[in-house]
Every structure is written in C-alpha cells, then in structure tokens.
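Student: Got upload-v1.txt for you, compact mmCIF, C-alpha atoms:
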```txt
# COMPACT_ATOMS: atom_id res chain seq x y z
CA MET B 26 55.55 5.14 15.79
CA ALA B 27 52.13 5.21 17.12
CA LYS B 28 51.12 7.24 14.13
CA PHE B 29 49.74 4.33 12.21
CA LYS B 30 48.01 2.80 15.09
CA LYS B 31 45.05 1.06 13.75
CA LYS B 32 41.77 2.41 14.67
CA ALA B 33 40.20 0.07 17.02
CA SER B 34 37.63 -1.65 14.90
CA LYS B 35 34.17 -0.79 15.93
CA THR B 36 31.97 -3.49 17.16
CA SER B 37 31.32 -5.67 14.15
CA GLN B 38 28.13 -4.61 12.49
CA ALA B 39 25.38 -7.17 12.24
CA ILE B 40 24.31 -7.95 8.70
CA SER B 41 20.82 -6.80 8.15
CA THR B 42 18.48 -9.73 7.82
CA ALA B 43 15.57 -7.59 6.82
CA SER B 44 15.66 -8.83 3.22
CA LEU B 45 15.88 -12.45 4.21
CA PRO B 46 12.11 -13.04 4.08
CA ASP B 47 12.07 -11.60 0.58
CA ILE B 48 14.75 -13.98 -0.60
CA VAL B 49 13.09 -16.91 1.02
CA PHE B 50 9.72 -15.99 -0.43
CA MET B 51 11.26 -15.79 -3.86
CA LEU B 52 12.62 -19.31 -3.50
CA LEU B 53 9.34 -20.43 -2.05
CA PHE B 54 7.35 -19.20 -5.02
CA PHE B 55 9.82 -20.81 -7.37
CA PHE B 56 9.41 -24.20 -5.77
CA MET B 57 5.67 -23.81 -5.45
CA THR B 58 5.35 -23.27 -9.15
CA VAL B 59 7.62 -26.10 -10.26
CA THR B 60 6.32 -28.62 -7.78
CA THR B 61 4.41 -31.58 -8.95
CA MET B 62 3.38 -33.85 -6.19
CA LYS B 63 4.49 -37.37 -6.66
CA GLU B 64 1.26 -39.10 -7.38
CA ILE B 65 2.05 -42.74 -7.22
CA ASP B 66 4.69 -45.05 -5.95
CA LEU B 67 6.03 -47.11 -8.75
CA LYS B 68 5.85 -50.79 -8.02
CA VAL B 69 7.54 -51.71 -11.23
CA ILE B 70 11.11 -51.07 -12.28
CA ILE B 71 11.24 -48.76 -15.24
CA GLN B 72 14.43 -48.00 -17.05
CA LYS B 73 13.40 -45.61 -19.74
CA PRO B 74 14.72 -46.23 -23.23
CA GLN B 75 16.55 -43.42 -24.97
CA ALA B 76 15.53 -41.56 -28.06
CA THR B 77 16.50 -38.40 -29.88
CA GLU B 78 13.23 -37.29 -31.45
CA VAL B 79 11.22 -36.95 -28.25
CA LYS B 80 8.98 -34.04 -27.43
CA LYS B 81 8.21 -32.67 -24.03
CA LEU B 82 4.87 -33.66 -22.59
CA GLU B 83 2.64 -30.62 -22.38
CA ASN B 84 -0.16 -30.17 -19.94
CA LYS B 85 0.42 -32.79 -17.31
CA SER B 86 -3.17 -33.04 -16.19
CA LEU B 87 -4.12 -34.49 -19.56
CA VAL B 88 -1.56 -37.25 -19.41
CA LYS B 89 -2.40 -40.60 -17.86
CA TYR B 90 0.32 -43.12 -17.27
CA VAL B 91 0.41 -46.81 -17.96
CA ASN B 92 3.50 -48.27 -16.32
CA ILE B 93 4.86 -51.52 -17.60
CA GLY B 94 7.92 -53.27 -16.27
CA PRO B 95 9.16 -56.05 -14.02
CA PRO B 96 7.89 -55.73 -10.42
CA ILE B 97 10.23 -54.37 -7.77
CA LYS B 98 12.03 -56.82 -5.50
CA ARG B 99 9.49 -57.20 -2.77
CA PHE B 100 6.75 -58.12 -5.24
CA GLN B 101 8.88 -60.48 -7.24
CA ALA B 102 8.10 -63.47 -5.07
CA LYS B 103 4.42 -62.99 -5.73
CA PHE B 104 4.34 -61.76 -9.30
CA GLY B 105 7.52 -63.16 -10.81
CA GLN B 106 10.00 -61.21 -12.86
CA GLU B 107 7.99 -60.86 -16.03
CA ALA B 108 6.84 -57.41 -17.02
CA ILE B 109 3.57 -56.41 -15.41
CA ILE B 110 1.20 -53.48 -15.80
CA GLN B 111 0.67 -50.89 -13.10
CA LEU B 112 -2.27 -48.51 -13.31
CA ASN B 113 -2.42 -45.82 -10.67
CA ASP B 114 -1.41 -47.63 -7.50
CA GLN B 115 -2.21 -51.16 -8.43
CA PHE B 116 -1.03 -53.97 -10.57
CA ALA B 117 -3.43 -54.66 -13.37
CA LYS B 118 -4.19 -57.07 -16.14
CA VAL B 119 -4.51 -56.16 -19.79
CA ARG B 120 -8.31 -56.39 -19.59
CA ASP B 121 -8.35 -53.71 -16.85
CA ILE B 122 -7.06 -51.09 -19.28
CA GLY B 123 -10.43 -50.36 -20.87
CA PRO B 124 -12.34 -49.70 -17.62
CA TRP B 125 -9.38 -47.71 -16.31
CA VAL B 126 -9.37 -45.44 -19.37
CA ASN B 127 -13.08 -44.81 -18.98
CA ALA B 128 -12.71 -44.09 -15.27
CA GLU B 129 -9.90 -41.64 -15.90
CA ARG B 130 -11.87 -40.01 -18.68
CA VAL B 131 -14.87 -39.44 -16.46
CA LYS B 132 -12.65 -37.72 -13.90
CA MET B 133 -11.60 -35.11 -16.45
CA ASP B 134 -13.44 -32.02 -17.56
CA ALA B 135 -15.72 -32.74 -20.46
CA SER B 136 -13.88 -30.25 -22.63
CA ASN B 137 -10.57 -31.98 -22.05
CA ARG B 138 -11.65 -35.54 -22.61
CA ALA B 139 -10.73 -35.59 -26.27
CA LYS B 140 -7.25 -34.34 -25.47
CA MET B 141 -6.42 -37.14 -23.07
CA THR B 142 -3.06 -38.68 -23.78
CA THR B 143 -2.02 -42.06 -22.53
CA ALA B 144 1.65 -42.24 -21.79
CA LEU B 145 3.21 -45.66 -22.01
CA LYS B 146 6.02 -45.74 -19.54
CA VAL B 147 7.66 -48.99 -20.38
CA ASP B 148 10.83 -50.59 -19.18
CA LYS B 149 13.25 -51.14 -22.01
CA THR B 150 13.68 -54.84 -21.37
CA THR B 151 9.97 -55.47 -21.78
CA LYS B 152 8.85 -57.68 -24.62
CA MET B 153 6.55 -56.15 -27.22
CA GLY B 154 3.80 -58.69 -26.62
CA VAL B 155 2.38 -56.99 -23.56
CA VAL B 156 2.84 -53.54 -25.10
CA THR B 157 0.94 -54.60 -28.19
CA ASP B 158 -1.88 -55.99 -26.05
CA VAL B 159 -2.09 -52.72 -24.14
CA LYS B 160 -2.17 -50.77 -27.38
CA GLN B 161 -5.01 -52.91 -28.67
CA GLU B 162 -6.98 -52.31 -25.47
CA LEU B 163 -6.37 -48.57 -25.77
CA ARG B 164 -7.69 -48.62 -29.30
CA LYS B 165 -10.80 -50.42 -28.17
CA ALA B 166 -11.25 -47.85 -25.42
CA LYS B 167 -10.78 -45.07 -27.98
CA ALA B 168 -7.79 -43.63 -26.19
CA LEU B 169 -5.92 -43.05 -29.40
CA LYS B 170 -3.38 -40.45 -28.40
CA ILE B 171 -0.41 -42.18 -26.95
CA THR B 172 3.14 -41.30 -26.07
CA TYR B 173 6.06 -43.61 -25.66
CA ILE B 174 8.00 -42.20 -22.75
CA ALA B 175 11.73 -42.03 -23.39
CA ASP B 176 14.70 -40.09 -22.16
CA LYS B 177 16.02 -37.46 -24.45
CA THR B 178 19.51 -38.06 -25.65
CA THR B 179 21.50 -36.17 -28.20
CA LYS B 180 23.76 -38.97 -29.21
CA SER B 181 22.44 -41.61 -31.50
CA ASN B 182 21.79 -45.15 -30.44
CA PHE B 183 24.58 -46.83 -32.28
CA MET P 16 -11.23 5.81 26.46
CA ALA P 17 -7.60 6.00 25.99
CA ARG P 18 -6.57 4.98 22.57
CA ARG P 19 -3.77 2.58 22.44
CA PRO P 20 -1.07 3.43 19.98
CA LEU P 21 -1.19 1.23 16.87
CA GLN P 22 1.30 -1.47 17.40
CA GLU P 23 3.31 -2.74 14.48
CA ILE P 24 3.05 -6.43 13.79
CA ASN P 25 6.32 -8.10 14.38
CA ALA P 26 7.48 -9.48 11.06
CA GLY P 27 10.47 -11.21 12.50
CA SER P 28 8.91 -14.64 12.34
CA MET P 29 7.92 -14.21 8.72
CA ALA P 30 11.20 -15.68 7.60
CA ASP P 31 10.62 -18.74 9.76
CA ILE P 32 7.21 -19.35 8.31
CA ALA P 33 8.51 -18.90 4.80
CA PHE P 34 11.37 -21.27 5.49
CA LEU P 35 8.99 -23.87 6.75
CA LEU P 36 6.92 -23.69 3.58
CA LEU P 37 10.05 -23.61 1.47
CA ILE P 38 11.38 -26.78 3.00
CA PHE P 39 8.04 -28.48 2.51
CA PHE P 40 8.01 -27.70 -1.18
CA LEU P 41 11.67 -28.58 -1.55
CA VAL P 42 10.99 -32.02 -0.20
CA THR P 43 7.89 -32.70 -2.25
CA THR P 44 9.29 -31.37 -5.48
CA THR P 45 9.97 -33.76 -8.27
CA MET P 46 11.33 -31.91 -11.21
CA ASN P 47 11.35 -34.68 -13.74
CA THR P 48 9.72 -33.69 -16.96
CA ASN P 49 8.70 -36.54 -19.13
CA ASN P 50 9.63 -36.72 -22.76
CA GLY P 51 8.09 -39.02 -25.25
CA LEU P 52 7.42 -39.98 -28.82
CA GLN P 53 3.87 -39.02 -29.66
CA ARG P 54 1.75 -41.26 -31.82
CA THR P 55 -1.87 -41.65 -32.76
CA LEU P 56 -3.38 -45.09 -32.85
CA PRO P 57 -5.86 -45.99 -35.57
CA PRO P 58 -9.43 -46.45 -34.34
CA PHE P 59 -10.49 -49.96 -33.55
CA ASP P 60 -12.79 -51.16 -36.27
CA GLU P 61 -13.69 -54.81 -36.49
CA LYS P 62 -14.99 -54.60 -40.04
CA LYS P 63 -11.76 -53.10 -41.22
CA MET P 64 -9.73 -55.66 -39.34
CA GLU P 65 -11.32 -58.44 -41.30
CA LYS P 66 -10.85 -56.66 -44.58
CA PRO P 67 -8.00 -54.18 -44.43
CA PRO P 68 -8.05 -51.40 -47.01
CA GLU P 69 -6.12 -52.32 -50.09
CA VAL P 70 -2.90 -50.49 -50.56
CA LYS P 71 -0.63 -50.91 -53.52
CA GLU P 72 2.49 -52.80 -52.74
CA ARG P 73 4.80 -50.02 -53.83
CA ASN P 74 3.17 -47.70 -51.32
CA VAL P 75 3.97 -49.78 -48.28
CA MET P 76 7.27 -50.29 -46.60
CA VAL P 77 7.12 -53.02 -44.02
CA VAL P 78 9.70 -52.68 -41.31
CA LEU P 79 9.89 -55.87 -39.38
CA VAL P 80 11.62 -56.42 -36.08
CA ASN P 81 11.71 -60.10 -35.23
CA LYS P 82 12.03 -61.87 -31.91
CA ASP P 83 15.81 -61.76 -32.07
CA ASN P 84 15.64 -58.00 -32.57
CA ILE P 85 16.82 -58.24 -36.14
CA ILE P 86 15.41 -55.51 -38.34
CA ALA P 87 14.31 -56.16 -41.88
CA ILE P 88 12.83 -53.89 -44.51
CA LYS P 89 10.87 -55.63 -47.25
CA GLY P 90 12.42 -58.89 -46.18
CA ARG P 91 16.03 -57.74 -46.24
CA PRO P 92 17.95 -57.34 -43.01
CA ILE P 93 19.14 -53.82 -42.38
CA ALA P 94 21.25 -52.07 -39.77
CA LEU P 95 19.59 -49.66 -37.38
CA ASN P 96 21.56 -46.68 -38.61
CA LYS P 97 20.53 -47.25 -42.23
CA ILE P 98 16.80 -47.07 -41.55
CA THR P 99 16.52 -43.29 -41.58
CA GLU P 100 18.16 -43.07 -44.97
CA LYS P 101 15.96 -45.82 -46.38
CA ALA P 102 12.79 -44.29 -44.96
CA LYS P 103 13.67 -40.87 -46.33
CA GLU P 104 14.22 -42.29 -49.77
CA PHE P 105 10.94 -44.14 -49.53
CA LEU P 106 8.92 -41.16 -48.36
CA SER P 107 10.36 -38.62 -50.77
CA ASN P 108 10.92 -40.76 -53.88
CA PRO P 109 13.15 -38.15 -55.50
CA GLN P 110 13.61 -40.00 -58.79
CA ARG P 111 9.93 -40.95 -59.10
CA SER P 112 11.01 -44.54 -59.25
CA GLU P 113 8.46 -47.21 -60.11
CA ASN P 114 9.32 -49.22 -57.03
CA LEU P 115 8.83 -46.38 -54.60
CA PRO P 116 5.49 -44.83 -53.57
CA GLU P 117 3.28 -42.82 -55.87
CA VAL P 118 2.89 -39.12 -55.36
CA ASN P 119 -0.41 -37.28 -55.48
CA TYR P 120 -0.36 -33.59 -56.27
CA LYS P 121 -2.32 -31.77 -53.62
CA ASP P 122 -2.98 -28.13 -52.89
CA ILE P 123 -1.18 -27.23 -49.71
CA PRO P 124 -1.72 -23.80 -48.13
CA ILE P 125 1.28 -21.48 -48.47
CA ILE P 126 3.43 -24.05 -50.29
CA GLY P 127 1.01 -24.58 -53.19
CA ASN P 128 0.67 -27.63 -55.37
CA TYR P 129 2.94 -30.25 -53.91
CA PRO P 130 3.52 -33.93 -54.67
CA VAL P 131 2.47 -35.67 -51.47
CA SER P 132 3.80 -39.16 -51.07
CA ALA P 133 1.25 -41.93 -50.71
CA GLY P 134 3.78 -44.09 -48.92
CA ILE P 135 3.04 -45.72 -45.61
CA ILE P 136 5.60 -47.23 -43.32
CA SER P 137 4.28 -50.14 -41.36
CA LEU P 138 6.23 -51.20 -38.33
CA GLN P 139 5.61 -54.76 -37.31
CA THR P 140 7.00 -56.61 -34.38
CA ASP P 141 6.98 -60.02 -32.85
CA ARG P 142 5.66 -60.58 -29.34
CA ASN P 143 9.20 -61.26 -28.21
CA THR P 144 10.77 -58.18 -29.73
CA SER P 145 12.30 -56.02 -27.03
CA TYR P 146 10.65 -52.70 -26.39
CA GLU P 147 13.97 -50.92 -26.52
CA LYS P 148 14.60 -52.05 -30.08
CA TYR P 149 11.08 -51.16 -31.08
CA LEU P 150 11.48 -47.66 -29.74
CA GLN P 151 14.82 -47.25 -31.44
CA VAL P 152 13.25 -48.12 -34.75
CA GLN P 153 10.33 -45.79 -34.05
CA ASN P 154 12.86 -43.11 -33.28
CA GLU P 155 14.74 -43.66 -36.52
CA LEU P 156 11.52 -43.49 -38.52
CA ALA P 157 10.48 -40.33 -36.73
CA ARG P 158 13.88 -38.89 -37.47
CA ALA P 159 13.36 -39.59 -41.18
CA VAL P 160 10.09 -37.61 -41.21
CA ASN P 161 11.56 -34.81 -39.12
CA GLU P 162 14.58 -34.50 -41.37
CA LEU P 163 12.43 -34.43 -44.49
CA ARG P 164 10.27 -31.71 -42.98
CA ASP P 165 13.29 -29.76 -41.95
CA GLU P 166 14.79 -29.97 -45.42
CA LYS P 167 11.52 -28.85 -47.00
CA SER P 168 11.23 -26.02 -44.54
CA ARG P 169 14.75 -24.81 -45.30
CA GLU P 170 14.08 -25.04 -49.00
CA VAL P 171 10.80 -23.12 -48.93
CA PHE P 172 11.17 -20.75 -45.98
CA GLY P 173 14.90 -20.72 -45.40
CA ILE P 174 14.68 -21.62 -41.72
CA SER P 175 14.47 -24.86 -39.80
CA PHE P 176 11.14 -26.54 -39.19
CA GLU P 177 11.34 -25.97 -35.46
CA ASP P 178 11.52 -22.21 -35.93
CA LEU P 179 8.53 -21.95 -38.26
CA GLU P 180 5.27 -20.30 -37.32
CA GLU P 181 2.38 -22.57 -36.49
CA GLU P 182 0.66 -22.01 -39.83
CA LYS P 183 3.71 -22.86 -41.86
CA LYS P 184 4.43 -25.84 -39.68
CA ASP P 185 0.98 -27.17 -40.49
CA ALA P 186 1.58 -26.64 -44.17
CA VAL P 187 4.88 -28.51 -44.14
CA SER P 188 3.32 -31.26 -42.03
CA LYS P 189 0.59 -31.65 -44.63
CA ALA P 190 3.13 -31.78 -47.45
CA ILE P 191 5.13 -34.42 -45.63
CA PRO P 192 2.65 -36.40 -43.56
CA PHE P 193 3.71 -38.53 -40.65
CA SER P 194 2.79 -41.81 -42.24
CA ILE P 195 4.00 -44.41 -39.83
CA SER P 196 1.28 -46.93 -39.26
CA GLU P 197 0.57 -48.24 -35.78
CA ALA P 198 -1.69 -50.85 -37.24
CA GLU P 199 -2.53 -54.13 -35.68
CA PRO P 200 0.08 -56.69 -35.00
CA ARG P 201 0.25 -59.41 -37.53
CA LYS P 202 0.26 -62.89 -36.14
CA MET P 203 3.78 -63.98 -36.77
CA THR P 204 5.24 -67.39 -36.89
CA GLN P 205 6.93 -68.58 -33.76
CA SER P 206 10.20 -69.27 -35.51
CA GLY P 207 11.45 -65.91 -36.64
CA GLY P 208 14.20 -65.92 -39.18
```
As structure tokens - that is how I would like this structure written.
Tutor:
Amino acid sequence: MAKFKKKASKTSQAISTASLPDIVFMLLFFFMTVTTMKEIDLKVIIQKPQATEVKKLENKSLVKYVNIGPPIKRFQAKFGQEAIIQLNDQFAKVRDIGPWVNAERVKMDASNRAKMTTALKVDKTTKMGVVTDVKQELRKAKALKITYIADKTTKSNF
Amino acid sequence: MARRPLQEINAGSMADIAFLLLIFFLVTTTMNTNNGLQRTLPPFDEKKMEKPPEVKERNVMVVLVNKDNIIAIKGRPIALNKITEKAKEFLSNPQRSENLPEVNYKDIPIIGNYPVSAGIISLQTDRNTSYEKYLQVQNELARAVNELRDEKSREVFGISFEDLEEEKKDAVSKAIPFSISEAEPRKMTQSGG
C-alpha cells in the first residue's frame, strides 16, 4: 500500500518579494497625487448643509475658504456659542474680510487673481445675518466669485 | 591597480524606504473634495445702491425667506418643494402670460433667434433666517434653471445638458441665463410675518 505514499513535500518555497517595491511604489504614487495637506485646523464647528445641484470645486489653489460656524468647545467660554468667522488660522471679524481678501490675492500669481473663488463654508445652523455681512464685504473687496460649500446628496430635501 | 568588480547596489531596502514614504502620505492624506453652489456677486456700487435700476414688476420674482424660515413668493407662502415648479414657470413663461416676465428675442449662436426671458429671481432673507433654509432655496432655484437648460438641450440637441460640448453649453446658457440675483439685503422689519 505504499504505492500512493505522498511525496515528501519539498521545503516550502519562499514567495518572491522582488515585486513588492513595485507594488508599494504604485501605492505611494497614488497617495502622493491625491494628497492635499490639511492646511488649517478648524476652530469652528461646521456641519455642511446638503444640496443636489452642487458642482465640484476645480483647481484648489484658486479657492480661499471663509469658515463660519459656532466655535468648538474649548473656545466657547471665550467666544460664546454664536457663529463666528475663521479666516486661515484665526478668528476674525467681518471687517477683517476685506484686508484678508487683498492679502490672499497678493499671494497668488497675477494671472490667477481674477479667477480667485471665495468658498463660504458655513455651518447650517448659522443665521443669515453674518453671511450677508460677509457677502457685502466680499463685494466691496471685489471678490465676486463665491461658492456655497454643501454636501452633495441625491435625495431631495423634503 | 586592480579593478574591483562592479558591485550591485542592494535594492532590498528599497521597499522599506517606499513603505516609509507611503505611510507618511497615507497619514497626511485628506481626500475630501469640496462641492458647492457657485454664484457671482454683483459688484459693489454705491451709486447704484442709492438708486437701483428700474425693473418692471412682472420681471421680478421676489422669493422671501423670513426669520421663521417661512418661504414666500410674491407675498404668498409656498412650500419648499413647489419652488422649482414656480421658478420654471416664471423663467420660461410658456403661455406668454401678461403677469410673467417679458421675453426678448436675441440671436444665440447655434440655436438661433430665441426668446430670452427678462425675468430675475431675487432671493431675500432676514438676518435671522437659517443658512440651511437659505441654501435649500438656492438649491431649488438652481434646480429650476438646470432643469430648464436640460429640457432645452434635449429639445434642440437630443442629449442632456451635462453631455453637451462646451460651445453648445454656452449657447444654451445664453438662451436660459442664470438670473438669480444676489443683490443686497433689504432692511426688513423685525417682526416677520
């Protein structure tokens, strides 16, 4: 009965890891291309509203963000719970919008300045008063292209 | 001088280096892409603010959202899901009704002579209106324009607006302009009703 004796399995062959760097590099390049460094820490809570007709924001370097929302917990003692404006890393007042727009504009290439878009990233519980004030300041600063940031949803709001 | 044989560089650590970089980018990656409703604000002009350009009453549809987030069109309360329909009727004026906006025949490339609506939708809010409601209304109005453009595109070119070439898109956009005014806030009474 020893006819079907199994062949003693040879020493298990090691899987070749020669292609591992290739695979890893592939992943690496993927992540390098899709990476956008997180530029700022949000100090305001922003729950984006939902909308169906939104368009994707093209060309991220041309988009400047104005964040409006209630401050996060650790700033609430100091700033209260009312919606507040955050520009770059700092809290700001409505009157700071104009100088901020100009500063951001100067940082850009001259050819791109006209294409600058201001994105209003506003918490959905915010009252329109502050948003309207910001819009007026943007108009005075001639930053006329704006975008209301919203999450894309396919279902309607009702 | 004895020449040393060319030694191969050991590529074994390549994977380690690549992994290190990979992990770095994995950690720093934020993949959120932002979506938004794009609008253009009117230029700030003090002269015009004192004396706004006169527009015939039939050409303006005032959409009002008051402090209690109640929506009204021309003074009548309206549900959110009826706005699109109303705005489409206003902007297209299919029956050429006297109460709805005038149309001006204009030469549009590709499409030809087309009755362009003179209607403007003006969205006004109170300082206490919630931003969410405002954006929902904006969204509904945008939907009205997008649907009108899509219908026109299907009628003329047989395909949806999204699939059109850039040139044709421009033509349709000219025929059906995006006429939602972002004009200045009107000072509203404190007691909304």
Student: Figure out the distance between CA of Ile71 (chain B) and CA of Val147 (chain B), please, to one decimal in Å.
Tutor: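 Computing it gives 6.3 Å between the two atoms.
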Student: Distance table requested - chain B against chain P, cut-off 9 Å, only C-alpha atoms: one row per qualifying residue with the closest atom pair and its distance in Å to one decimal, ordered by chain and rising residue number, as a tab-separated table.
Tutor:
```
residue	atom	partner	partner_atom	distance
B:Ala43	CA	P:Gly27	CA	8.4
B:Leu45	CA	P:Ala30	CA	6.6
B:Pro46	CA	P:Ala30	CA	4.5
B:Asp47	CA	P:Ala30	CA	8.2
B:Val49	CA	P:Ala33	CA	6.3
B:Phe50	CA	P:Ala33	CA	6.1
B:Leu52	CA	P:Leu37	CA	7.1
B:Leu53	CA	P:Leu37	CA	4.8
B:Phe54	CA	P:Leu37	CA	8.3
B:Phe56	CA	P:Phe40	CA	5.9
B:Met57	CA	P:Phe40	CA	6.2
B:Val59	CA	P:Met46	CA	7.0
B:Thr60	CA	P:Thr44	CA	4.7
B:Thr61	CA	P:Thr44	CA	6.0
B:Met62	CA	P:Thr43	CA	6.1
B:Lys63	CA	P:Thr45	CA	6.8
B:Lys73	CA	P:Glu147	CA	8.6
B:Pro74	CA	P:Glu147	CA	5.8
B:Gln75	CA	P:Gln151	CA	7.7
B:Ala76	CA	P:Asn154	CA	6.1
B:Thr77	CA	P:Asn154	CA	6.9
B:Glu78	CA	P:Asn154	CA	6.1
B:Val79	CA	P:Gly51	CA	4.8
B:Lys80	CA	P:Asn50	CA	5.4
B:Lys81	CA	P:Asn50	CA	4.5
B:Leu82	CA	P:Asn50	CA	5.7
B:Ala144	CA	P:Gly51	CA	8.0
B:Leu145	CA	P:Gly51	CA	8.9
B:Val147	CA	P:Tyr146	CA	7.7
B:Asp148	CA	P:Tyr146	CA	7.5
B:Lys149	CA	P:Glu147	CA	4.6
B:Thr150	CA	P:Ser145	CA	5.9
B:Thr151	CA	P:Tyr146	CA	5.4
B:Lys152	CA	P:Ser145	CA	4.5
B:Met153	CA	P:Arg142	CA	5.0
B:Gly154	CA	P:Arg142	CA	3.8
B:Val155	CA	P:Arg142	CA	7.6
B:Val156	CA	P:Tyr146	CA	8.0
B:Thr157	CA	P:Pro200	CA	7.2
B:Lys160	CA	P:Leu56	CA	8.0
B:Gln161	CA	P:Glu199	CA	7.5
B:Leu163	CA	P:Leu56	CA	8.4
B:Arg164	CA	P:Phe59	CA	5.3
B:Lys165	CA	P:Phe59	CA	5.4
B:Ala166	CA	P:Phe59	CA	8.4
B:Lys167	CA	P:Pro58	CA	6.6
B:Ala168	CA	P:Leu56	CA	8.1
B:Leu169	CA	P:Leu56	CA	4.7
B:Lys170	CA	P:Thr55	CA	4.8
B:Ile171	CA	P:Arg54	CA	5.4
B:Thr172	CA	P:Gln53	CA	4.3
B:Tyr173	CA	P:Leu52	CA	5.0
B:Ile174	CA	P:Gly51	CA	4.0
B:Ala175	CA	P:Gly51	CA	5.1
B:Asp176	CA	P:Asn50	CA	6.1
B:Lys177	CA	P:Asn50	CA	6.7
B:Ser181	CA	P:Asn96	CA	8.8
B:Asn182	CA	P:Gln151	CA	7.3
B:Phe183	CA	P:Asn96	CA	7.0
```
Student: Measure the distance from CA of Ile65 (chain B) to CA of Thr178 (chain B) in Å and round it to one decimal.
Tutor: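 These atoms are spaced 25.8 Å apart.
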Student: Determine, counting all atoms listed in the file, which protein, DNA and RNA residues have an atom within 10 Å of an atom of region 96-100 of chain B; residues of the same chain fewer than 2 positions away are not included. Present the result as JSON, numbers by chain.
Tutor: {"B": [67, 68, 69, 70, 71, 93, 94, 102, 103, 104, 105, 106, 107, 108, 109, 110, 111, 116]}
Student: When you draw a straight line from CA of Gly134 (chain P) to CA of Asn81 (chain P), how long is it in Å?
Tutor: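 Straight-line distance from CA of Gly134 (chain P) to CA of Asn81 (chain P) works out to 22.5 Å.
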Student: Pick out the closest residue to Ile136 (chain P) from this set: P:Val187, P:Ile98, P:Ile195, P:Val171. Count only C-alpha atoms.
Tutor: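 Once distances to Ile136 (chain P) are computed over only C-alpha atoms, the minimum belongs to P:Ile195.
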Student: Residues within 9 Å of region 109-117 of chain P, please, as an mmCIF file with C-alpha atoms, in the coordinates of the input. Count only C-alpha atoms; anything in the same chain fewer than 2 positions from it doesn't count.
Tutor:
```cif
data_model
loop_
_atom_site.group_PDB
_atom_site.id
_atom_site.type_symbol
_atom_site.label_atom_id
_atom_site.label_comp_id
_atom_site.auth_asym_id
_atom_site.auth_seq_id
_atom_site.Cartn_x
_atom_site.Cartn_y
_atom_site.Cartn_z
ATOM 1 C CA LYS P 71 -0.630 -50.910 -53.520
ATOM 2 C CA GLU P 72 2.490 -52.800 -52.740
ATOM 3 C CA ARG P 73 4.800 -50.020 -53.830
ATOM 4 C CA ASN P 74 3.170 -47.700 -51.320
ATOM 5 C CA VAL P 75 3.970 -49.780 -48.280
ATOM 6 C CA GLU P 104 14.220 -42.290 -49.770
ATOM 7 C CA PHE P 105 10.940 -44.140 -49.530
ATOM 8 C CA LEU P 106 8.920 -41.160 -48.360
ATOM 9 C CA SER P 107 10.360 -38.620 -50.770
ATOM 10 C CA ASN P 119 -0.410 -37.280 -55.480
ATOM 11 C CA PRO P 130 3.520 -33.930 -54.670
ATOM 12 C CA VAL P 131 2.470 -35.670 -51.470
ATOM 13 C CA SER P 132 3.800 -39.160 -51.070
ATOM 14 C CA ALA P 133 1.250 -41.930 -50.710
ATOM 15 C CA GLY P 134 3.780 -44.090 -48.920
ATOM 16 C CA ILE P 135 3.040 -45.720 -45.610
#
```
Student: Find the residue from B:Leu112, B:Met141, B:Met133, B:Ile122 that sits nearest to Leu87 (chain B); use all atoms listed in the file when measuring.
Tutor: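 Distance minimum relative to Leu87 (chain B) lands on B:Met141.
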